[in-house]
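J.: Can you keep this structure in mind? I'll have questions shortly.
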Amino acid sequence: MKKIFNLLLCFFPFITLNAQINELGVFLGGSNFVGDVGRTTYISPEKPAFGILYKWNRSPRHSYRFSYTQSRVAGFDNQSDETGRNQRGYSFKNNIKEFSAGLEFNFFDFNLHDYHTKVTPYVFSGLNFFLYDNLYRYTTSPNTIYSNNASSLAIPIILGIKSNVTPHFVLGIEAGVRYTFTDNIDGSNPDTTNSNILKFGNLNNNDWYVFSGITLTYTFGQKPCYCAD
């Protein structure tokens with residue numbers, strides 16, 4: 001975990017840990033995949049997911065949020081409700097390592113000056129950079145999967161609700177879909193002109209993956225002044 005935190009700081013070197021009230025914590029939950037293999041349910045956690053996150057609270061309504069999250073995603077056609085996928089019978093597994101940066105907006109004031117219990121829904125979006133396995137299959141052996149390293153970008157859309165359960169701890173529950181800029185997390189659309197490499201499914205739609213779970217953050221640092229000068 002220490003190595004991951006150091007990597008996060010290297011990825012976002014402009015973070016200042018003593019500028020205002022900060023939040024540093026963990027994400028624990030599950031992941032699922034929506035693409036050309038397996039189920040098509042958008043929120044259906046199947047594999048464990050975990051990560052760390054940092055927030056820099058700029059006002060009671062918004063904060064800058066940075067995180068690292070990783071999980072394995074998988075898909076199995078024999079678990080799909082679609083007859084065509086059931087008959088095809090493909091499956092895959094892939095590893096996602098995600099770096100995220102963006103803006104979190106609170107629907108209600110979440111003033112950390114006030115230690116009274118507060119609850120607010122929130123929404124987050126930004127830009128993700130993630131590492132994954134570039135999967136591919138040969139037409140002669142479609143059930144054998146090969147891979148090499150790859151990376152791509154994604155747009156996250158996270159909805160959640162949070163509360164300051166103690167003066168220094170904030171607990172949140174959230175679900176977030178990621179629209180990726182690749183259609184090959186499941187190995188259905190490799191970027192190649194080799195006619196021996198198999199392509200299948202809807203080649204015009206990119207893949208999605210979803211992280212849902214809880215966040216627990218610890219608040220520290222200099223208190224911000226949200227009032228006007």
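Residue numbering restarts at 1 for every chain of the structure tokens, chains are lettered A, B, ... in their displayed order, and ligands are numbered from 1 as they appear.
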DSSP says strand (DSSP E or B) for which residues of range 32-226 of chain A? Put them as a ChimeraX atom specification?
T.: /A:32-34,47-57,62-76,91-106,119-138,141-166,169-180,197,208-220
J.: So which one's closest to His116 in chain A, A:Ser63, A:Ser151, A:Asn164, A:Thr140? Using only C-alpha atoms, please.
T.: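 Among A:Ser63, A:Ser151, A:Asn164, A:Thr140, it is A:Asn164 that comes nearest to His116 in chain A.
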J.: Which residues are near Thr166 in chain A? Cut-off 8 Å, only C-alpha atoms, ignore same chain within fewer than 2 positions. Put them as number ranges by chain.
T.: A: 115, 117, 164, 168-170
J.: Given the choices A:Ile214, A:Ile21, A:Ala74, A:Ile197, which gets closest to Ser141 in chain A if the distance is worked out from only C-alpha atoms?
T.: A:Ile197
J.: DSSP on the backbone, then: every residue of range 1-167 of chain A marked helix (DSSP H, G or I), written as a list of chain:residue names.
T.: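 Residues of range 1-167 of chain A classed as helix (DSSP H, G or I): A:Lys2, A:Lys3, A:Ile4, A:Phe5, A:Asn6, A:Leu7, A:Leu8, A:Leu9, A:Cys10, A:Phe11, A:Asp77, A:Asn78, A:Gln79, A:Thr83, A:Gly84, A:Arg85, A:Asn86, A:Gln87, A:Arg88.
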